[in-house]
Amino acid sequence: MIDSSICNVSPAEIDCSGPWLIYPETPAEKLIPSFRKHGQLVPVLAVHESGRTLLIAGRTRVSAASMLGMDVLVRYIDASDDISKIVLHLEENATRLMDDSLKLDVVRYFSTRVDASELAKTVAPLLSIKPKSRDMQFWVDWMDLEPQYDEFLKLGHIPLAAVSVLSKLNGDEREALRRFFEKLSWSRSNAVNFLTWLYETSRRENKAVSELLAAPEFESAGESESPKDAVARFCKAAKELRYPKLSELEKMHNKIVSDICAGTKWRVEPVGSFETGEVMIQTRFKNREMMQKAMADLESIAKFSGWEDLFELGRDK
């Protein structure tokens with residue numbers, strides 16, 4: 001049993017390189033004024049192992065003490081294995097925010113140290129999620145992805161939910177998709193839709209995802225194209241591959257509507273993806289003058305013959 005009394009230890013004697021130190025070190029400069037005025041009020045946690053002092057929690061305090069030439073107040077605790085060390089580290093930092101980048105580091109750490117069948121059960125409580133939840137399954141599935149995707153997740157370029165599709169693809173397919181996440185940041189809905197449409201199209205047509213991505217519509221974004229526009233273009237291209245008939249109907253619909261509603265603020269949308277033959281027309285106004293203008297526009301556009309083409313579009317398909 002380790003003596004848990006508090007000891008003074010030179011910062012140079014404390015090993016702060018343990019892989020269980022998941023949380024990043026905060027700027028030590030913020031602690032300097034307090035250390036100078038009051039000294040170190042809270043001891044760091046460490047274990048004594050093989051003649052070394054291994055830090056469990058408190059890197060910022062060690063750095064601040066080192067900068068001031070002070071000894072570090074160390075409380076030695078029992079943590080005989082890597083699992084105990086990271087659990088204590090996480091508990092000590094429980095009040096700090098844990099984003100997806102940190103959660104990824106935690107799950108990766110455990111994935112190399114516990115059996116896959118026990119991963120969710122072991123890690124879920126530490127991430128404050130339910131072991132059988134969808135999010136926990138996402139993390140378990142993410143462990144099978146290539147390291148490059150870890151970097152994309154940490155950069156915020158790809159959402160965790162994308163693994164629901166990525167896990168269905170083989171390594172070559174994921175490699176072909178890498179370029180779409182290297183420089184662009186995707187929302188959850190855009191990423192999942194984009195990947196789902198490509199996956200379903202590849203299986204329907206018995207084509208590799210890389211073959212689908214060879215189309216001109218999937219060329220990398222140019223310098224004049226904004227990241228938002230590039231993502232929208234890629235999603236549109238993937239949707240057209242997955243739903244060619246629906247996409248053609250949408251193009252025809254938009255062409256007719258642009259002619260009917262030109263010069264007005266009225267919008268016309270299909271109801272039920274063209275399955276009902278119905279459309280919905282809407283606009284906005286915030287005063288009586290705008291309302292009267294909208295009513296006059298509606299009366300005018302109601303006379304266009306294009307409405308019949310619009311109604312027939314839905315009924316024909």
# chains A, B, ... in the order shown; residues from 1 in each chain; ligands from 1
call {"tool": "select_by_dssp", "arguments": {"residues": "segment 68-250 of chain A", "states": "strand (DSSP E or B)", "output": "ChimeraX atom specification"}}
result
/A:72-76
call {"tool": "closest_atom_pairs", "arguments": {"of": "segment 182-298 of chain A", "to": "segment 163-174 of chain A", "cutoff": "10 Å", "atoms": "only C-alpha atoms", "output": "CSV"}}
result
residue,atom,partner,partner_atom,distance
A:Ala191,CA,A:Val165,CA,9.5
A:Val192,CA,A:Val165,CA,7.1
A:Asn193,CA,A:Val165,CA,9.3
A:Phe194,CA,A:Val165,CA,9.7
A:Leu195,CA,A:Val165,CA,6.3
A:Thr196,CA,A:Val165,CA,6.2
A:Trp197,CA,A:Val165,CA,9.8
A:Leu198,CA,A:Val165,CA,9.7
A:Tyr199,CA,A:Val165,CA,7.5
A:Glu200,CA,A:Val165,CA,9.9
A:Ala208,CA,A:Glu173,CA,7.3
A:Val209,CA,A:Glu173,CA,5.8
A:Ser210,CA,A:Glu173,CA,6.2
A:Glu211,CA,A:Glu173,CA,9.6
A:Leu213,CA,A:Glu173,CA,10.0
call {"tool": "write_last_selection", "arguments": {"atoms": "C-alpha atoms", "output": "PDB file, in the first residue's frame"}}
result
ATOM      1  CA  ALA A 191     -21.761  13.981 -44.335  1.00  0.00           C
ATOM      2  CA  VAL A 192     -24.200  11.153 -43.607  1.00  0.00           C
ATOM      3  CA  ASN A 193     -26.321  11.907 -46.684  1.00  0.00           C
ATOM      4  CA  PHE A 194     -23.305  12.207 -48.982  1.00  0.00           C
ATOM      5  CA  LEU A 195     -21.815   8.914 -47.812  1.00  0.00           C
ATOM      6  CA  THR A 196     -25.173   7.100 -47.742  1.00  0.00           C
ATOM      7  CA  TRP A 197     -26.056   8.112 -51.303  1.00  0.00           C
ATOM      8  CA  LEU A 198     -22.663   6.987 -52.581  1.00  0.00           C
ATOM      9  CA  TYR A 199     -22.821   3.707 -50.659  1.00  0.00           C
ATOM     10  CA  GLU A 200     -26.338   2.842 -51.832  1.00  0.00           C
ATOM     11  CA  ALA A 208     -16.817   0.750 -56.585  1.00  0.00           C
ATOM     12  CA  VAL A 209     -17.188   4.058 -54.756  1.00  0.00           C
ATOM     13  CA  SER A 210     -13.912   5.170 -56.344  1.00  0.00           C
ATOM     14  CA  GLU A 211     -15.472   4.624 -59.771  1.00  0.00           C
ATOM     15  CA  LEU A 213     -16.150   9.514 -57.579  1.00  0.00           C
TER      16      LEU A 213
END
call {"tool": "residues_around", "arguments": {"residues": "Thr201 of chain A", "least_positions_apart": "6", "cutoff": "9 Å", "atoms": "only C-alpha atoms", "output": "MDAnalysis selection string"}}
result
chainID A and resid 207 209 212 238 241:243
call {"tool": "select_by_dssp", "arguments": {"residues": "segment 144-197 of chain A", "states": "alpha helix (DSSP H)", "output": "ChimeraX atom specification"}}
result
/A:147-155,163-166,171-177,179-182,188-197
call {"tool": "write_last_selection", "arguments": {"atoms": "N, CA and C atoms", "output": "mmCIF file, in the first residue's frame"}}
result
data_model
loop_
_atom_site.group_PDB
_atom_site.id
_atom_site.type_symbol
_atom_site.label_atom_id
_atom_site.label_comp_id
_atom_site.auth_asym_id
_atom_site.auth_seq_id
_atom_site.Cartn_x
_atom_site.Cartn_y
_atom_site.Cartn_z
ATOM 1 N N PRO A 147 -6.222 5.655 -39.191
ATOM 2 C CA PRO A 147 -5.799 6.796 -38.356
ATOM 3 C C PRO A 147 -6.091 8.156 -38.980
ATOM 4 N N GLN A 148 -6.079 8.235 -40.318
ATOM 5 C CA GLN A 148 -6.338 9.523 -40.956
ATOM 6 C C GLN A 148 -7.717 10.063 -40.578
ATOM 7 N N TYR A 149 -8.674 9.173 -40.390
ATOM 8 C CA TYR A 149 -10.014 9.622 -40.039
ATOM 9 C C TYR A 149 -10.061 10.160 -38.613
ATOM 10 N N ASP A 150 -9.180 9.696 -37.750
ATOM 11 C CA ASP A 150 -9.065 10.273 -36.408
ATOM 12 C C ASP A 150 -8.727 11.750 -36.521
ATOM 13 N N GLU A 151 -7.803 12.070 -37.402
ATOM 14 C CA GLU A 151 -7.376 13.453 -37.577
ATOM 15 C C GLU A 151 -8.530 14.318 -38.103
ATOM 16 N N PHE A 152 -9.301 13.775 -39.050
ATOM 17 C CA PHE A 152 -10.437 14.524 -39.590
ATOM 18 C C PHE A 152 -11.465 14.825 -38.497
ATOM 19 N N LEU A 153 -11.701 13.849 -37.613
ATOM 20 C CA LEU A 153 -12.658 14.041 -36.527
ATOM 21 C C LEU A 153 -12.153 15.113 -35.561
ATOM 22 N N LYS A 154 -10.874 15.069 -35.243
ATOM 23 C CA LYS A 154 -10.315 16.043 -34.301
ATOM 24 C C LYS A 154 -10.324 17.451 -34.873
ATOM 25 N N LEU A 155 -10.176 17.563 -36.183
ATOM 26 C CA LEU A 155 -10.202 18.871 -36.839
ATOM 27 C C LEU A 155 -11.619 19.406 -37.011
ATOM 28 N N VAL A 163 -19.513 7.509 -39.209
ATOM 29 C CA VAL A 163 -19.024 6.138 -39.108
ATOM 30 C C VAL A 163 -20.133 5.128 -39.397
ATOM 31 N N SER A 164 -21.399 5.539 -39.271
ATOM 32 C CA SER A 164 -22.507 4.628 -39.556
ATOM 33 C C SER A 164 -22.466 4.140 -40.997
ATOM 34 N N VAL A 165 -21.856 4.937 -41.888
ATOM 35 C CA VAL A 165 -21.699 4.535 -43.282
ATOM 36 C C VAL A 165 -20.262 4.101 -43.556
ATOM 37 N N LEU A 166 -19.307 4.837 -43.025
ATOM 38 C CA LEU A 166 -17.899 4.509 -43.260
ATOM 39 C C LEU A 166 -17.561 3.079 -42.845
ATOM 40 N N GLY A 171 -11.545 -0.637 -47.014
ATOM 41 C CA GLY A 171 -10.435 0.295 -46.877
ATOM 42 C C GLY A 171 -10.164 1.104 -48.129
ATOM 43 N N ASP A 172 -10.269 0.485 -49.283
ATOM 44 C CA ASP A 172 -10.031 1.197 -50.544
ATOM 45 C C ASP A 172 -11.082 2.280 -50.767
ATOM 46 N N GLU A 173 -12.325 1.984 -50.400
ATOM 47 C CA GLU A 173 -13.387 2.970 -50.571
ATOM 48 C C GLU A 173 -13.184 4.159 -49.628
ATOM 49 N N ARG A 174 -12.777 3.859 -48.401
ATOM 50 C CA ARG A 174 -12.519 4.956 -47.456
ATOM 51 C C ARG A 174 -11.321 5.784 -47.898
ATOM 52 N N GLU A 175 -10.346 5.126 -48.502
ATOM 53 C CA GLU A 175 -9.180 5.847 -49.018
ATOM 54 C C GLU A 175 -9.602 6.800 -50.132
ATOM 55 N N ALA A 176 -10.505 6.358 -50.992
ATOM 56 C CA ALA A 176 -10.980 7.197 -52.094
ATOM 57 C C ALA A 176 -11.760 8.404 -51.578
ATOM 58 N N LEU A 177 -12.348 8.285 -50.404
ATOM 59 C CA LEU A 177 -13.157 9.364 -49.842
ATOM 60 C C LEU A 177 -12.354 10.365 -49.020
ATOM 61 N N ARG A 179 -10.065 12.537 -49.569
ATOM 62 C CA ARG A 179 -9.834 13.895 -50.076
ATOM 63 C C ARG A 179 -11.015 14.831 -49.804
ATOM 64 N N PHE A 180 -12.201 14.261 -49.602
ATOM 65 C CA PHE A 180 -13.366 15.093 -49.355
ATOM 66 C C PHE A 180 -13.381 15.650 -47.925
ATOM 67 N N PHE A 181 -12.583 15.067 -47.039
ATOM 68 C CA PHE A 181 -12.587 15.496 -45.642
ATOM 69 C C PHE A 181 -11.264 16.114 -45.193
ATOM 70 N N GLU A 182 -10.314 16.194 -46.086
ATOM 71 C CA GLU A 182 -9.010 16.747 -45.715
ATOM 72 C C GLU A 182 -9.063 18.246 -45.477
ATOM 73 N N ARG A 188 -23.252 17.132 -39.840
ATOM 74 C CA ARG A 188 -23.695 15.739 -39.658
ATOM 75 C C ARG A 188 -24.607 15.297 -40.798
ATOM 76 N N SER A 189 -25.613 16.111 -41.114
ATOM 77 C CA SER A 189 -26.575 15.713 -42.139
ATOM 78 C C SER A 189 -25.918 15.616 -43.510
ATOM 79 N N ASN A 190 -25.083 16.594 -43.855
ATOM 80 C CA ASN A 190 -24.434 16.557 -45.164
ATOM 81 C C ASN A 190 -23.504 15.363 -45.304
ATOM 82 N N ALA A 191 -22.716 15.091 -44.269
ATOM 83 C CA ALA A 191 -21.761 13.981 -44.335
ATOM 84 C C ALA A 191 -22.476 12.640 -44.441
ATOM 85 N N VAL A 192 -23.485 12.431 -43.603
ATOM 86 C CA VAL A 192 -24.200 11.153 -43.607
ATOM 87 C C VAL A 192 -24.956 10.962 -44.924
ATOM 88 N N ASN A 193 -25.597 12.017 -45.414
ATOM 89 C CA ASN A 193 -26.321 11.907 -46.684
ATOM 90 C C ASN A 193 -25.368 11.622 -47.838
ATOM 91 N N PHE A 194 -24.295 12.370 -47.915
ATOM 92 C CA PHE A 194 -23.305 12.207 -48.982
ATOM 93 C C PHE A 194 -22.785 10.772 -49.024
ATOM 94 N N LEU A 195 -22.372 10.268 -47.881
ATOM 95 C CA LEU A 195 -21.815 8.914 -47.812
ATOM 96 C C LEU A 195 -22.887 7.855 -48.081
ATOM 97 N N THR A 196 -24.089 8.073 -47.544
ATOM 98 C CA THR A 196 -25.173 7.100 -47.742
ATOM 99 C C THR A 196 -25.554 6.994 -49.213
ATOM 100 N N TRP A 197 -25.678 8.133 -49.888
ATOM 101 C CA TRP A 197 -26.056 8.112 -51.303
ATOM 102 C C TRP A 197 -24.997 7.418 -52.152
#
call {"tool": "decode", "arguments": {"residues": "segment 125-220 of chain A", "atoms": "C-alpha atoms", "output": "tab-separated table (two decimals), in the first residue's frame"}}
result
chain	number	residue	atom	x	y	z
A	125	PRO	CA	-19.44	5.45	-17.95
A	126	LEU	CA	-16.26	7.48	-18.45
A	127	LEU	CA	-17.85	9.30	-21.40
A	128	SER	CA	-21.17	9.76	-19.55
A	129	ILE	CA	-23.13	7.84	-22.18
A	130	LYS	CA	-25.11	4.60	-22.05
A	131	PRO	CA	-23.21	1.41	-22.99
A	132	LYS	CA	-25.87	0.31	-25.47
A	133	SER	CA	-26.52	3.76	-26.92
A	134	ARG	CA	-26.11	4.58	-30.59
A	135	ASP	CA	-23.31	7.04	-29.80
A	136	MET	CA	-21.35	4.37	-27.95
A	137	GLN	CA	-21.72	2.04	-30.92
A	138	PHE	CA	-20.39	4.83	-33.13
A	139	TRP	CA	-17.27	5.04	-30.99
A	140	VAL	CA	-16.77	1.27	-31.04
A	141	ASP	CA	-17.18	1.18	-34.83
A	142	TRP	CA	-14.79	4.13	-35.22
A	143	MET	CA	-11.97	2.01	-33.82
A	144	ASP	CA	-11.92	0.07	-37.11
A	145	LEU	CA	-11.25	3.18	-39.20
A	146	GLU	CA	-7.84	4.29	-40.45
A	147	PRO	CA	-5.80	6.80	-38.36
A	148	GLN	CA	-6.34	9.52	-40.96
A	149	TYR	CA	-10.01	9.62	-40.04
A	150	ASP	CA	-9.06	10.27	-36.41
A	151	GLU	CA	-7.38	13.45	-37.58
A	152	PHE	CA	-10.44	14.52	-39.59
A	153	LEU	CA	-12.66	14.04	-36.53
A	154	LYS	CA	-10.32	16.04	-34.30
A	155	LEU	CA	-10.20	18.87	-36.84
A	156	GLY	CA	-13.99	18.96	-36.98
A	157	HIS	CA	-14.00	18.03	-40.67
A	158	ILE	CA	-16.19	14.98	-40.24
A	159	PRO	CA	-18.85	14.11	-37.61
A	160	LEU	CA	-18.81	10.98	-35.50
A	161	ALA	CA	-22.13	9.85	-37.05
A	162	ALA	CA	-20.40	9.42	-40.42
A	163	VAL	CA	-19.02	6.14	-39.11
A	164	SER	CA	-22.51	4.63	-39.56
A	165	VAL	CA	-21.70	4.53	-43.28
A	166	LEU	CA	-17.90	4.51	-43.26
A	167	SER	CA	-17.92	1.26	-41.29
A	168	LYS	CA	-19.81	-0.41	-44.17
A	169	LEU	CA	-17.13	0.52	-46.70
A	170	ASN	CA	-13.85	-1.27	-47.32
A	171	GLY	CA	-10.44	0.29	-46.88
A	172	ASP	CA	-10.03	1.20	-50.54
A	173	GLU	CA	-13.39	2.97	-50.57
A	174	ARG	CA	-12.52	4.96	-47.46
A	175	GLU	CA	-9.18	5.85	-49.02
A	176	ALA	CA	-10.98	7.20	-52.09
A	177	LEU	CA	-13.16	9.36	-49.84
A	178	ARG	CA	-10.32	10.88	-47.81
A	179	ARG	CA	-9.83	13.89	-50.08
A	180	PHE	CA	-13.37	15.09	-49.36
A	181	PHE	CA	-12.59	15.50	-45.64
A	182	GLU	CA	-9.01	16.75	-45.71
A	183	LYS	CA	-9.89	20.42	-46.17
A	184	LEU	CA	-13.67	20.65	-45.93
A	185	SER	CA	-15.80	20.66	-42.78
A	186	TRP	CA	-19.05	18.70	-43.08
A	187	SER	CA	-22.18	18.95	-40.98
A	188	ARG	CA	-23.69	15.74	-39.66
A	189	SER	CA	-26.57	15.71	-42.14
A	190	ASN	CA	-24.43	16.56	-45.16
A	191	ALA	CA	-21.76	13.98	-44.34
A	192	VAL	CA	-24.20	11.15	-43.61
A	193	ASN	CA	-26.32	11.91	-46.68
A	194	PHE	CA	-23.30	12.21	-48.98
A	195	LEU	CA	-21.82	8.91	-47.81
A	196	THR	CA	-25.17	7.10	-47.74
A	197	TRP	CA	-26.06	8.11	-51.30
A	198	LEU	CA	-22.66	6.99	-52.58
A	199	TYR	CA	-22.82	3.71	-50.66
A	200	GLU	CA	-26.34	2.84	-51.83
A	201	THR	CA	-25.55	3.77	-55.44
A	202	SER	CA	-22.38	1.67	-55.47
A	203	ARG	CA	-24.27	-1.37	-54.19
A	204	ARG	CA	-27.20	-0.88	-56.54
A	205	GLU	CA	-25.03	-0.50	-59.61
A	206	ASN	CA	-22.32	-2.89	-58.44
A	207	LYS	CA	-19.67	-0.20	-58.88
A	208	ALA	CA	-16.82	0.75	-56.59
A	209	VAL	CA	-17.19	4.06	-54.76
A	210	SER	CA	-13.91	5.17	-56.34
A	211	GLU	CA	-15.47	4.62	-59.77
A	212	LEU	CA	-18.46	6.80	-58.87
A	213	LEU	CA	-16.15	9.51	-57.58
A	214	ALA	CA	-14.34	9.69	-60.92
A	215	ALA	CA	-17.25	11.73	-62.35
A	216	PRO	CA	-16.44	15.40	-63.12
A	217	GLU	CA	-18.99	16.54	-60.54
A	218	PHE	CA	-16.73	15.21	-57.79
A	219	GLU	CA	-13.59	17.09	-58.83
A	220	SER	CA	-11.81	18.77	-55.93
